[in-house]
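Report on one structure; see the data block that follows.
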Amino acid sequence: MAEPKHQAVDDQGTTEQQGRAILRRLRDEGFDADDAQLARALGRPVEEVQAWLGGDAPVDDDLVMKARGIAQERGINIE
């Protein structure tokens, strides 16, 4: 069960922890585990990607939606 601070970030009930896991799988499977490559694909600074993955910055619905879209385009199962 998710901790209270891990409320759903999207309409599918994805928690921040699950969102981080989605980003991590996308990075690992679609971008050779390279934070910089994932950052370019998302159009965000690498420091921001590292903060999301490290739990230092919140993961929001827009980010999760972008990650799912990129994964779908590349044929990567991240769920």
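Going through the structure tokens in order, the chains are called A, B, and so on, while each chain numbers its residues from 1 and the ligands are numbered from 1 in the order shown.
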
(request) For segment 69-79 of chain A, work out the shell of residues within 12 Å, counting only C-alpha atoms and skipping chain neighbours fewer than 6 positions away, then give it as an MDAnalysis selection string. (result) chainID A and resid 12 14 18:31 38:43 62:63

Would you kindly return, as an mmCIF file with C-alpha atoms, in the first residue's frame, each protein, DNA or RNA residue with an atom no farther than 10 Å from any atom of Glu48 of chain A, considering only C-alpha atoms and excluding same-chain residues fewer than 3 positions away?
```cif
data_model
loop_
_atom_site.group_PDB
_atom_site.id
_atom_site.type_symbol
_atom_site.label_atom_id
_atom_site.label_comp_id
_atom_site.auth_asym_id
_atom_site.auth_seq_id
_atom_site.Cartn_x
_atom_site.Cartn_y
_atom_site.Cartn_z
ATOM 1 C CA ASP A 35 19.985 9.975 -17.718
ATOM 2 C CA ALA A 39 16.459 14.069 -20.444
ATOM 3 C CA ARG A 44 14.195 18.516 -19.657
ATOM 4 C CA PRO A 45 17.576 19.150 -18.003
ATOM 5 C CA ALA A 51 16.103 14.610 -9.154
ATOM 6 C CA TRP A 52 12.953 12.725 -10.219
ATOM 7 C CA LEU A 53 14.694 9.372 -10.211
ATOM 8 C CA GLY A 54 16.370 10.085 -6.890
ATOM 9 C CA ASP A 56 14.258 14.737 -4.735
ATOM 10 C CA ALA A 57 11.637 16.223 -7.076
ATOM 11 C CA PRO A 58 7.974 15.288 -7.494
#
```

(request) Would you mind writing down, as an MDAnalysis selection string, each residue of chain A that DSSP on the backbone assigns to helix (DSSP H, G or I)? (result) chainID A and resid 16:30 35:42 46:54 61:74

(message) Report, in Å to a single decimal, how far apart atom CA of Asp60 of chain A and atom CA of Val9 of chain A are.
(response)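 Answer for the atom CA of Val9 of chain A to atom CA of Asp60 of chain A separation: 5.5 Å.
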
(message) Env of Gln7 of chain A: 10 Å cut, atoms = only C-alpha atoms, seq-sep filter 6 positions within chain, self excluded. Answer as a PyMOL selection string.
(response) chain A and resi 13-17

(message) Ranking A:Asp32, A:Gln50, A:Asp61, A:Arg68 by minimum distance to Asp11 of chain A and counting only C-alpha atoms, which one comes first?
(response) A:Asp61
